[in-house]
>>> print(open('data.tsv').read())   # TSV, C-alpha atoms
chain	number	residue	atom	x	y	z
A	195	MET	CA	-11.70	22.24	13.77
A	196	ALA	CA	-9.82	19.74	15.94
A	197	LYS	CA	-6.10	19.68	15.56
A	198	LYS	CA	-4.86	16.80	13.43
A	199	ALA	CA	-3.03	14.11	15.38
A	200	ALA	CA	0.71	14.07	14.71
A	201	GLU	CA	2.16	11.38	12.47
A	202	THR	CA	5.55	9.71	12.73
A	203	LYS	CA	7.89	7.70	10.51
A	204	PRO	CA	8.27	3.89	10.61
A	205	GLU	CA	11.83	4.02	11.93
A	206	ALA	CA	10.79	6.37	14.76
A	207	LEU	CA	8.65	3.71	16.47
A	208	ARG	CA	9.89	2.71	19.92
A	209	GLY	CA	8.18	-0.70	19.94
A	210	GLN	CA	6.28	0.08	23.13
A	211	GLU	CA	3.24	1.71	21.51
A	212	PRO	CA	0.05	-0.23	22.43
A	213	VAL	CA	-1.67	0.73	19.16
A	214	VAL	CA	-0.07	1.66	15.84
A	215	VAL	CA	-1.92	2.77	12.71
A	216	LEU	CA	-0.02	2.46	9.42
A	217	LYS	CA	-1.66	5.11	7.21
A	218	GLY	CA	-1.04	4.83	3.48
A	219	PRO	CA	-0.66	2.24	0.70
A	220	GLU	CA	3.16	1.96	0.54
A	221	ARG	CA	3.72	-1.66	1.53
A	222	PHE	CA	7.45	-1.25	2.01
A	223	LEU	CA	6.92	1.41	4.69
A	224	GLN	CA	4.21	-0.69	6.33
A	225	ARG	CA	6.57	-3.66	6.41
A	226	LEU	CA	9.39	-1.50	7.80
A	227	ALA	CA	7.14	-0.32	10.64
A	228	ILE	CA	6.02	-3.86	11.46
A	229	GLN	CA	9.60	-5.12	11.45
A	230	THR	CA	10.59	-2.30	13.81
A	231	MET	CA	7.79	-3.20	16.22
A	232	GLU	CA	8.50	-6.93	16.06
A	233	SER	CA	12.22	-6.42	16.65
A	234	VAL	CA	11.74	-4.34	19.81
A	235	LEU	CA	9.02	-6.60	21.20
A	236	LEU	CA	11.23	-9.66	20.71
A	237	GLN	CA	14.06	-7.89	22.51
A	238	LEU	CA	11.75	-7.04	25.40
A	239	HIS	CA	10.00	-10.39	25.71
A	240	GLY	CA	12.48	-12.87	24.27
A	241	PRO	CA	12.37	-14.96	21.06
A	242	ASP	CA	9.54	-17.12	22.40
A	243	GLY	CA	7.77	-14.36	24.30
A	244	VAL	CA	5.68	-12.84	21.50
A	245	ALA	CA	2.67	-14.50	19.87
A	246	ILE	CA	1.96	-12.90	16.48
A	247	GLU	CA	-1.51	-13.02	14.93
A	248	ARG	CA	-2.15	-11.73	11.40
A	249	HIS	CA	-5.66	-11.18	10.05
A	250	ARG	CA	-7.42	-9.54	7.13
A	251	GLY	CA	-9.80	-6.75	8.08
A	252	GLU	CA	-12.59	-7.96	5.81
A	253	HIS	CA	-12.43	-11.43	7.36
A	254	MET	CA	-12.56	-10.35	11.01
A	255	GLU	CA	-15.16	-8.85	13.30
A	256	LEU	CA	-14.01	-6.02	15.56
A	257	ALA	CA	-15.27	-7.90	18.61
A	258	ASP	CA	-12.98	-10.84	17.74
A	259	VAL	CA	-9.99	-8.51	17.41
A	260	LEU	CA	-10.68	-6.94	20.78
A	261	ASP	CA	-11.06	-10.40	22.36
A	262	ALA	CA	-7.67	-11.41	20.96
A	263	LEU	CA	-6.10	-8.33	22.57
A	264	ARG	CA	-7.76	-8.85	25.94
A	265	THR	CA	-7.21	-12.61	26.20
A	266	PRO	CA	-3.71	-13.58	27.43
A	267	SER	CA	-1.83	-15.96	25.16
A	268	LEU	CA	-1.16	-19.45	26.52
A	269	LEU	CA	2.09	-19.67	24.57
A	270	ALA	CA	3.72	-16.26	25.09
A	271	SER	CA	3.79	-13.36	27.51
A	272	HIS	CA	2.87	-10.78	24.85
A	273	THR	CA	0.48	-10.81	21.88
A	274	LEU	CA	0.97	-8.80	18.69
A	275	VAL	CA	-2.18	-8.56	16.55
A	276	ILE	CA	-1.73	-7.23	13.00
A	277	ILE	CA	-4.80	-6.33	10.95
A	278	ASP	CA	-4.22	-5.82	7.22
A	279	GLY	CA	-7.03	-3.77	5.71
A	280	ALA	CA	-8.05	-2.17	9.00
A	281	ASP	CA	-10.03	0.48	7.16
A	282	ARG	CA	-12.44	-2.29	6.16
A	283	LEU	CA	-12.58	-3.65	9.71
A	284	ILE	CA	-14.22	-0.47	10.99
A	285	LYS	CA	-15.90	0.66	7.79
A	286	GLU	CA	-19.45	1.88	8.17
A	287	ASP	CA	-22.09	0.98	5.59
A	288	GLU	CA	-23.28	4.39	4.41
A	289	ASP	CA	-26.32	2.88	2.65
A	290	ALA	CA	-27.50	0.88	5.65
A	291	GLU	CA	-29.99	2.22	8.15
A	292	ASP	CA	-28.62	3.22	11.53
A	293	PRO	CA	-28.75	0.12	13.79
A	294	VAL	CA	-30.55	0.40	17.10
A	295	THR	CA	-30.24	-1.46	20.39
A	296	PRO	CA	-33.13	-3.48	21.90
A	297	ARG	CA	-33.92	-0.39	24.02
A	298	GLY	CA	-34.37	1.72	20.93
A	299	LYS	CA	-31.09	3.67	21.19
A	300	LYS	CA	-28.77	4.18	18.27
A	301	ALA	CA	-26.08	1.51	18.30
A	302	ARG	CA	-22.43	2.51	18.37
A	303	THR	CA	-20.49	2.40	15.13
A	304	PRO	CA	-17.35	0.23	14.79
A	305	ARG	CA	-15.22	3.37	15.05
A	306	GLN	CA	-16.96	4.36	18.27
A	307	VAL	CA	-16.53	0.86	19.70
A	308	LEU	CA	-12.81	0.94	18.93
A	309	GLU	CA	-12.47	4.44	20.36
A	310	ASP	CA	-14.19	3.35	23.59
A	311	SER	CA	-11.88	0.32	23.81
A	312	LEU	CA	-8.86	2.62	23.70
A	313	ALA	CA	-9.88	4.29	26.96
A	314	ALA	CA	-7.45	1.93	28.70
A	315	PRO	CA	-4.33	0.19	27.32
A	316	PHE	CA	-4.45	-3.48	26.44
A	317	SER	CA	-2.64	-5.63	28.99
A	318	ASN	CA	0.32	-7.45	27.42
A	319	ALA	CA	-0.86	-6.85	23.86
A	320	THR	CA	-0.06	-4.63	20.87
A	321	LEU	CA	-2.38	-3.79	17.97
A	322	ILE	CA	-1.12	-2.79	14.52
A	323	LEU	CA	-3.69	-1.52	12.03
A	324	GLN	CA	-2.62	-1.44	8.36
A	325	ALA	CA	-4.84	0.92	6.39
A	326	ASP	CA	-4.24	2.00	2.81
A	327	GLU	CA	-6.92	4.62	3.47
A	328	TRP	CA	-7.58	5.93	6.97
A	329	ARG	CA	-10.15	8.65	7.58
A	330	PRO	CA	-9.02	11.06	10.32
A	331	SER	CA	-11.34	11.03	13.32
A	332	ARG	CA	-11.40	11.17	17.11
A	333	ILE	CA	-9.81	7.71	17.14
A	334	ASP	CA	-6.53	9.32	16.12
A	335	ARG	CA	-6.52	11.51	19.21
A	336	ALA	CA	-7.47	8.55	21.41
A	337	ILE	CA	-4.59	6.49	19.99
A	338	THR	CA	-1.96	9.18	20.56
A	339	LYS	CA	-3.36	9.94	24.03
A	340	LEU	CA	-2.93	6.27	24.88
A	341	GLY	CA	0.71	6.42	23.80
A	342	GLY	CA	0.13	4.89	20.39
A	343	ALA	CA	1.32	6.15	17.01
A	344	LEU	CA	0.03	7.13	13.59
A	345	VAL	CA	2.65	6.20	11.01
A	346	ASP	CA	2.92	7.93	7.65
A	347	CYS	CA	3.05	5.20	4.99
A	348	LYS	CA	2.18	7.27	1.96
A	349	PRO	CA	4.37	6.71	-1.13
A	350	PRO	CA	7.38	9.03	-1.18
A	351	SER	CA	7.28	12.03	-3.50
A	352	GLU	CA	9.33	12.07	-6.68
A	353	LYS	CA	11.91	14.40	-5.14
A	354	ASP	CA	12.41	11.98	-2.21
A	355	MET	CA	13.07	8.91	-4.37
A	356	PRO	CA	16.86	9.48	-4.81
A	357	HIS	CA	17.17	9.72	-1.02
A	358	TRP	CA	15.31	6.42	-0.61
A	359	ILE	CA	17.51	4.69	-3.19
A	360	ASP	CA	20.59	5.94	-1.32
A	361	ARG	CA	19.12	4.59	1.90
A	362	LEU	CA	18.36	1.18	0.38
A	363	ALA	CA	21.95	0.99	-0.84
A	364	LYS	CA	23.34	2.11	2.52
A	365	ASP	CA	21.30	-0.56	4.32
A	366	ARG	CA	23.39	-3.06	2.34
A	367	GLU	CA	26.65	-1.18	2.86
A	368	ARG	CA	26.79	0.02	-0.72
A	369	GLN	CA	26.96	3.36	-2.53
A	370	ILE	CA	25.14	4.04	-5.78
A	371	ASP	CA	26.14	6.54	-8.46
A	372	ALA	CA	23.76	9.33	-9.44
A	373	ASP	CA	23.29	8.09	-13.02
A	374	ALA	CA	22.71	4.58	-11.65
A	375	LYS	CA	19.94	5.92	-9.41
A	376	ASN	CA	18.26	7.63	-12.34
A	377	LEU	CA	18.45	4.51	-14.47
A	378	LEU	CA	17.13	2.30	-11.68
A	379	LEU	CA	14.20	4.65	-11.06
A	380	ASP	CA	13.44	4.83	-14.78
A	381	ARG	CA	13.31	1.06	-15.10
A	382	ILE	CA	11.57	0.13	-11.86
A	383	GLY	CA	9.49	3.18	-11.02
A	384	PRO	CA	8.76	4.68	-7.59
A	385	GLU	CA	7.65	1.44	-5.90
A	386	LEU	CA	9.85	1.00	-2.81
A	387	SER	CA	9.21	-2.74	-2.50
A	388	GLN	CA	10.44	-3.36	-6.04
A	389	LEU	CA	13.36	-1.00	-5.61
A	390	ASP	CA	14.34	-2.83	-2.42
A	391	SER	CA	14.22	-6.16	-4.25
A	392	GLU	CA	16.39	-4.88	-7.09
A	393	MET	CA	18.83	-3.26	-4.66
A	394	ARG	CA	19.28	-6.61	-2.93
A	395	LYS	CA	20.27	-8.11	-6.29
A	396	LEU	CA	22.59	-5.24	-7.18
A	397	ALA	CA	24.29	-5.33	-3.77
A	398	GLY	CA	24.96	-9.02	-4.17
A	399	ALA	CA	26.71	-8.39	-7.47
A	400	SER	CA	28.89	-5.50	-6.29
A	401	GLU	CA	31.61	-5.06	-3.71
A	402	LYS	CA	31.08	-1.44	-2.70
A	403	ARG	CA	29.79	0.85	-5.46
A	404	ILE	CA	26.83	0.34	-7.80
A	405	ASP	CA	27.22	2.04	-11.18
A	406	ALA	CA	24.91	2.50	-14.16
A	407	LYS	CA	26.58	-0.31	-16.08
A	408	LEU	CA	25.66	-2.82	-13.39
A	409	VAL	CA	22.08	-1.55	-13.26
A	410	ASP	CA	21.85	-1.86	-17.04
A	411	GLN	CA	23.11	-5.44	-16.88
A	412	LEU	CA	20.96	-6.71	-14.00
A	413	VAL	CA	17.74	-4.69	-13.95
A	414	ALA	CA	15.24	-5.54	-16.64
A	415	LYS	CA	13.63	-2.70	-18.54
A	416	SER	CA	10.09	-2.14	-17.30
A	417	SER	CA	9.11	0.82	-19.46
A	418	SER	CA	9.29	-0.78	-22.89
A	419	ASP	CA	6.80	0.19	-25.58
A	420	GLU	CA	5.08	-3.19	-25.34
A	421	VAL	CA	4.46	-2.90	-21.61
A	422	TRP	CA	3.27	0.72	-21.69
A	423	ALA	CA	0.95	-0.21	-24.55
A	424	LEU	CA	-0.93	-2.10	-21.86
A	425	GLN	CA	-2.04	1.19	-20.28
A	426	GLU	CA	-3.42	2.40	-23.60
A	427	ALA	CA	-5.29	-0.89	-24.06
A	428	VAL	CA	-6.82	-0.69	-20.57
A	429	LEU	CA	-7.88	2.93	-21.12
A	430	SER	CA	-9.64	1.93	-24.34
A	431	GLY	CA	-12.17	-0.01	-22.28
A	432	ASP	CA	-11.90	-2.98	-24.67
A	433	PRO	CA	-11.22	-6.27	-22.78
A	434	LYS	CA	-10.26	-8.06	-26.03
A	435	ARG	CA	-7.59	-5.45	-26.78
A	436	THR	CA	-6.26	-5.70	-23.23
A	437	ALA	CA	-6.08	-9.50	-23.44
A	438	GLN	CA	-4.24	-9.26	-26.78
A	439	VAL	CA	-1.64	-6.82	-25.42
A	440	LEU	CA	-1.11	-9.03	-22.35
A	441	HIS	CA	-0.48	-11.95	-24.69
A	442	GLU	CA	2.04	-9.90	-26.68
A	443	VAL	CA	3.84	-8.73	-23.52
A	444	LEU	CA	3.96	-12.01	-21.61
A	445	ASP	CA	3.98	-14.70	-24.28
A	446	ILE	CA	5.49	-13.14	-27.39
A	447	GLY	CA	7.72	-10.60	-25.65
A	448	ARG	CA	8.51	-13.12	-22.88
A	449	LYS	CA	8.52	-10.38	-20.25
A	450	SER	CA	7.88	-11.08	-16.57
A	451	THR	CA	4.70	-9.97	-14.84
A	452	VAL	CA	6.62	-7.43	-12.74
A	453	PRO	CA	6.71	-4.53	-15.24
A	454	ALA	CA	3.12	-5.21	-16.31
A	455	PHE	CA	1.99	-5.12	-12.69
A	456	TRP	CA	3.85	-1.86	-12.11
A	457	CYS	CA	2.27	-0.41	-15.25
A	458	LEU	CA	-1.25	-1.21	-14.00
A	459	ILE	CA	-0.51	0.00	-10.46
A	460	ASP	CA	0.81	3.24	-11.93
A	461	LEU	CA	-2.36	3.71	-13.99
A	462	ALA	CA	-4.63	2.89	-11.04
A	463	ARG	CA	-2.77	5.40	-8.87
A	464	LYS	CA	-3.12	8.13	-11.51
A	465	LEU	CA	-6.84	7.46	-11.97
A	466	ALA	CA	-7.40	7.57	-8.20
A	467	THR	CA	-5.54	10.90	-7.94
A	468	LEU	CA	-7.35	12.42	-10.90
A	469	SER	CA	-10.81	11.30	-9.77
A	470	ILE	CA	-10.56	12.70	-6.23
A	471	ASN	CA	-9.19	16.00	-7.54
A	472	ALA	CA	-11.88	16.19	-10.22
A	473	GLU	CA	-14.50	15.80	-7.50
A	474	ARG	CA	-12.91	18.78	-5.74
A	475	GLY	CA	-13.15	20.89	-8.88
A	476	VAL	CA	-9.50	20.67	-9.96
A	477	ASP	CA	-8.85	20.78	-13.71
A	478	PRO	CA	-7.39	17.35	-14.64
A	479	TRP	CA	-5.08	18.89	-17.25
A	480	SER	CA	-3.40	20.95	-14.54
A	481	LEU	CA	-2.16	17.69	-12.99
A	482	SER	CA	-0.51	16.35	-16.15
A	483	ARG	CA	3.00	17.43	-15.23
A	484	ALA	CA	2.78	16.25	-11.62
A	485	LEU	CA	1.52	12.83	-12.74
A	486	LYS	CA	4.00	12.64	-15.64
A	487	LEU	CA	1.27	12.27	-18.22
A	488	TRP	CA	2.32	12.68	-21.82
A	489	GLY	CA	2.13	10.90	-25.15
A	490	PRO	CA	-0.84	8.94	-26.51
A	491	ALA	CA	-2.08	7.89	-23.06
A	492	GLN	CA	-2.34	11.44	-21.70
A	493	GLY	CA	-5.76	12.34	-23.10
A	494	PRO	CA	-7.48	9.01	-22.32
A	495	THR	CA	-6.02	8.94	-18.80
A	496	LEU	CA	-7.24	12.45	-18.01
A	497	HIS	CA	-10.65	11.73	-19.53
A	498	VAL	CA	-11.21	8.53	-17.57
A	499	GLY	CA	-9.75	9.97	-14.37
A	500	ALA	CA	-12.12	12.94	-14.54
A	501	ARG	CA	-15.29	10.84	-14.85
A	502	ILE	CA	-14.60	7.70	-12.81
A	503	ASN	CA	-16.11	7.53	-9.33
A	504	PRO	CA	-13.42	8.36	-6.72
A	505	ASP	CA	-14.47	5.46	-4.47
A	506	VAL	CA	-14.25	3.05	-7.40
A	507	ALA	CA	-10.84	4.43	-8.41
A	508	ALA	CA	-9.51	4.15	-4.85
A	509	GLN	CA	-10.76	0.57	-4.60
A	510	LEU	CA	-9.10	-0.33	-7.91
A	511	HIS	CA	-5.81	1.11	-6.65
A	512	ARG	CA	-6.05	-1.05	-3.51
A	513	GLU	CA	-6.87	-4.09	-5.63
A	514	ALA	CA	-3.90	-3.38	-7.89
A	515	LEU	CA	-1.49	-3.26	-4.95
A	516	ASP	CA	-2.99	-6.39	-3.41
A	517	ALA	CA	-3.03	-8.29	-6.72
A	518	GLN	CA	0.73	-7.88	-7.04
A	519	LEU	CA	1.35	-8.86	-3.42
A	520	ALA	CA	-1.06	-11.81	-3.16
A	521	PRO	CA	0.90	-14.37	-5.25
A	522	ARG	CA	4.06	-13.63	-3.26
A	523	GLN	CA	2.13	-14.52	-0.11
A	524	GLY	CA	0.90	-17.78	-1.60
A	525	ARG	CA	-2.55	-16.41	-2.45
A	526	GLY	CA	-3.20	-17.35	-6.05
A	527	ASN	CA	-1.37	-17.47	-9.38
A	528	GLU	CA	0.67	-14.45	-10.49
A	529	ARG	CA	-0.37	-14.60	-14.15
A	530	ARG	CA	-4.04	-15.05	-13.28
A	531	ALA	CA	-3.90	-12.17	-10.79
A	532	LEU	CA	-2.40	-9.89	-13.45
A	533	GLU	CA	-4.98	-10.85	-16.06
A	534	THR	CA	-7.87	-10.37	-13.62
A	535	LEU	CA	-6.58	-6.96	-12.55
A	536	ALA	CA	-6.11	-5.82	-16.16
A	537	ILE	CA	-9.67	-6.77	-17.12
A	538	ARG	CA	-11.11	-5.19	-13.94
A	539	LEU	CA	-9.38	-1.92	-14.78
A	540	THR	CA	-10.44	-2.13	-18.43
A	541	LEU	CA	-14.11	-2.58	-17.54
A	542	ALA	CA	-13.93	0.32	-15.09
A	543	CYS	CA	-12.44	2.53	-17.81
A	544	ALA	CA	-15.24	1.51	-20.17
A	545	GLY	CA	-17.70	3.18	-17.78
>>> encode(input="data.tsv", output="structure tokens")
Amino acid sequence: MAKKAAETKPEALRGQEPVVVLKGPERFLQRLAIQTMESVLLQLHGPDGVAIERHRGEHMELADVLDALRTPSLLASHTLVIIDGADRLIKEDEDAEDPVTPRGKKARTPRQVLEDSLAAPFSNATLILQADEWRPSRIDRAITKLGGALVDCKPPSEKDMPHWIDRLAKDRERQIDADAKNLLLDRIGPELSQLDSEMRKLAGASEKRIDAKLVDQLVAKSSSDEVWALQEAVLSGDPKRTAQVLHEVLDIGRKSTVPAFWCLIDLARKLATLSINAERGVDPWSLSRALKLWGPAQGPTLHVGARINPDVAAQLHREALDAQLAPRQGRGNERRALETLAIRLTLACAG
């Protein structure tokens, strides 16, 4: 078996890598890596010396991406091309018949085309591939051989979360008490993007130290009974029940969409983890402690996670992450995105 290509951390990027793959669904780490690359490139080429192109993988053809990298920009000396959803850019249709060339030979797959293109570095261009899911292959070796990097963007483990909260506070020249960290994590959950947003608010309201009292005053509770009832409703597979709980949470309880989004993302993540492990023969109940499953939702979550298709579960997790991010990027209404996601998950749980 070929040796797995080494991965690095976002902050370890030098900015001179011709190709960077951001592997994993944690958007905060992806954003940190992109900011690191942009910062160095701007230092090297000047504030007007970098042309930045951003594209969605499902909306681009690989040939167009390669053309953008090979064609010099008329406005800047260097081009940075960022592809969000790169796993979909080079995804192969497993159900389709193998394409053939006019001469009868088997056509190259998108992965093979990209690998061949990495035989030589792009002149005056950098490619960043964001991929929530990235299947290891020979491309990884080609990227590192070229001088590129594979960046670990998987969500931090539970034991690493206190360290990340300390780091977020330090970035804003603040210190946070241990009980304040625990309270913040309990209310927000292990989503770095949300923790970063809350830390920005807490830092603005403190001079040097952040204590539990300040967290209690400024950070809204996201684990209330009403919000977590949403998970139970989704697991029931009943769209009417889900719609009713959403109404109670958002309209009657007057809560923001943030905790509800986190609740659904958390459920989607658990279902994705359970489904892939069930396919590998792992007993779902053995994962209860690691996934923090307890109470009324434990049984239904384990049951659904054990029977749902792993590909479907992984896709729902990606959709959950994107649904929360899309409104912030001007793509749709936040309330509508939440409602659509909740019903999608509910129908998937119904089987």
>>> residues_around(input="data.tsv", residues="Asp505 of chain A", least_positions_apart="2", cutoff="12 Å", atoms="all atoms listed in the file", output="ChimeraX atom specification")
/A:327,465-470,473,499,501-503,507-512,542
>>> axis_aligned_box(input="data.tsv", around="segment 250-266 of chain A", padding_each_side="8 Å", output="JSON")
{"center_x": -9.5, "center_y": -9.8, "center_z": 16.6, "size_x": 27.6, "size_y": 23.6, "size_z": 37.6}
>>> residues_around(input="data.tsv", residues="Asp405 of chain A", least_positions_apart="3", cutoff="12 Å", atoms="all atoms listed in the file", output="ChimeraX atom specification")
/A:363,368-378,393,396-397,399-402,408-413
>>> residues_around(input="data.tsv", residues="segment 485-490 of chain A", least_positions_apart="4", cutoff="8 Å", atoms="all atoms listed in the file", output="PDB file with C-alpha atoms, in the coordinates of the input")
ATOM      1  CA  GLU A 426      -3.420   2.400 -23.600  1.00  0.00           C
ATOM      2  CA  LYS A 464      -3.120   8.130 -11.510  1.00  0.00           C
ATOM      3  CA  LEU A 481      -2.160  17.690 -12.990  1.00  0.00           C
ATOM      4  CA  PRO A 494      -7.480   9.010 -22.320  1.00  0.00           C
TER       5      PRO A 494
END
>>> residues_near_point(input="data.tsv", point="(12.2, -11.6, 21.0)", cutoff="12 Å", atoms="only C-alpha atoms", output="mmCIF file with C-alpha atoms, in the frame of the given file")
data_model
loop_
_atom_site.group_PDB
_atom_site.id
_atom_site.type_symbol
_atom_site.label_atom_id
_atom_site.label_comp_id
_atom_site.auth_asym_id
_atom_site.auth_seq_id
_atom_site.Cartn_x
_atom_site.Cartn_y
_atom_site.Cartn_z
ATOM 1 C CA GLY A 209 8.180 -0.700 19.940
ATOM 2 C CA GLN A 229 9.600 -5.120 11.450
ATOM 3 C CA THR A 230 10.590 -2.300 13.810
ATOM 4 C CA MET A 231 7.790 -3.200 16.220
ATOM 5 C CA GLU A 232 8.500 -6.930 16.060
ATOM 6 C CA SER A 233 12.220 -6.420 16.650
ATOM 7 C CA VAL A 234 11.740 -4.340 19.810
ATOM 8 C CA LEU A 235 9.020 -6.600 21.200
ATOM 9 C CA LEU A 236 11.230 -9.660 20.710
ATOM 10 C CA GLN A 237 14.060 -7.890 22.510
ATOM 11 C CA LEU A 238 11.750 -7.040 25.400
ATOM 12 C CA HIS A 239 10.000 -10.390 25.710
ATOM 13 C CA GLY A 240 12.480 -12.870 24.270
ATOM 14 C CA PRO A 241 12.370 -14.960 21.060
ATOM 15 C CA ASP A 242 9.540 -17.120 22.400
ATOM 16 C CA GLY A 243 7.770 -14.360 24.300
ATOM 17 C CA VAL A 244 5.680 -12.840 21.500
ATOM 18 C CA ALA A 245 2.670 -14.500 19.870
ATOM 19 C CA ILE A 246 1.960 -12.900 16.480
ATOM 20 C CA ALA A 270 3.720 -16.260 25.090
ATOM 21 C CA SER A 271 3.790 -13.360 27.510
ATOM 22 C CA HIS A 272 2.870 -10.780 24.850
ATOM 23 C CA THR A 273 0.480 -10.810 21.880
ATOM 24 C CA LEU A 274 0.970 -8.800 18.690
#
>>> atom_distance(input="data.tsv", atom1="atom CA of Asp334 of chain A", atom2="atom CA of His253 of chain A")
23.3 Å
>>> closest_residue(input="data.tsv", among="A:Asn527, A:Gln425, A:Gln306, A:Gln518", to="Leu440 of chain A", atoms="all atoms listed in the file")
A:Gln425
>>> closest_residue(input="data.tsv", among="A:Asp380, A:Glu247, A:Asp516, A:Glu211", to="Ala531 of chain A", atoms="all atoms listed in the file")
A:Asp516
>>> residues_around(input="data.tsv", residues="Trp456 of chain A", least_positions_apart="5", cutoff="9 Å", atoms="all atoms listed in the file", output="PDB file with C-alpha atoms, in the coordinates of the input")
ATOM      1  CA  ILE A 382      11.570   0.130 -11.860  1.00  0.00           C
ATOM      2  CA  GLY A 383       9.490   3.180 -11.020  1.00  0.00           C
ATOM      3  CA  GLU A 385       7.650   1.440  -5.900  1.00  0.00           C
ATOM      4  CA  SER A 416      10.090  -2.140 -17.300  1.00  0.00           C
ATOM      5  CA  THR A 451       4.700  -9.970 -14.840  1.00  0.00           C
ATOM      6  CA  LEU A 461      -2.360   3.710 -13.990  1.00  0.00           C
ATOM      7  CA  ALA A 514      -3.900  -3.380  -7.890  1.00  0.00           C
ATOM      8  CA  GLN A 518       0.730  -7.880  -7.040  1.00  0.00           C
TER       9      GLN A 518
END
>>> closest_residue(input="data.tsv", among="A:Asp445, A:Asp326, A:Asp460, A:Asp432", to="Arg221 of chain A", atoms="only C-alpha atoms")
A:Asp326
>>> closest_residue(input="data.tsv", among="A:Arg225, A:Arg250, A:Lys348, A:Arg463", to="Ser387 of chain A", atoms="all atoms listed in the file")
A:Arg225
>>> atom_distance(input="data.tsv", atom1="atom CA of Ile284 of chain A", atom2="atom CA of Val345 of chain A")
18.1 Å
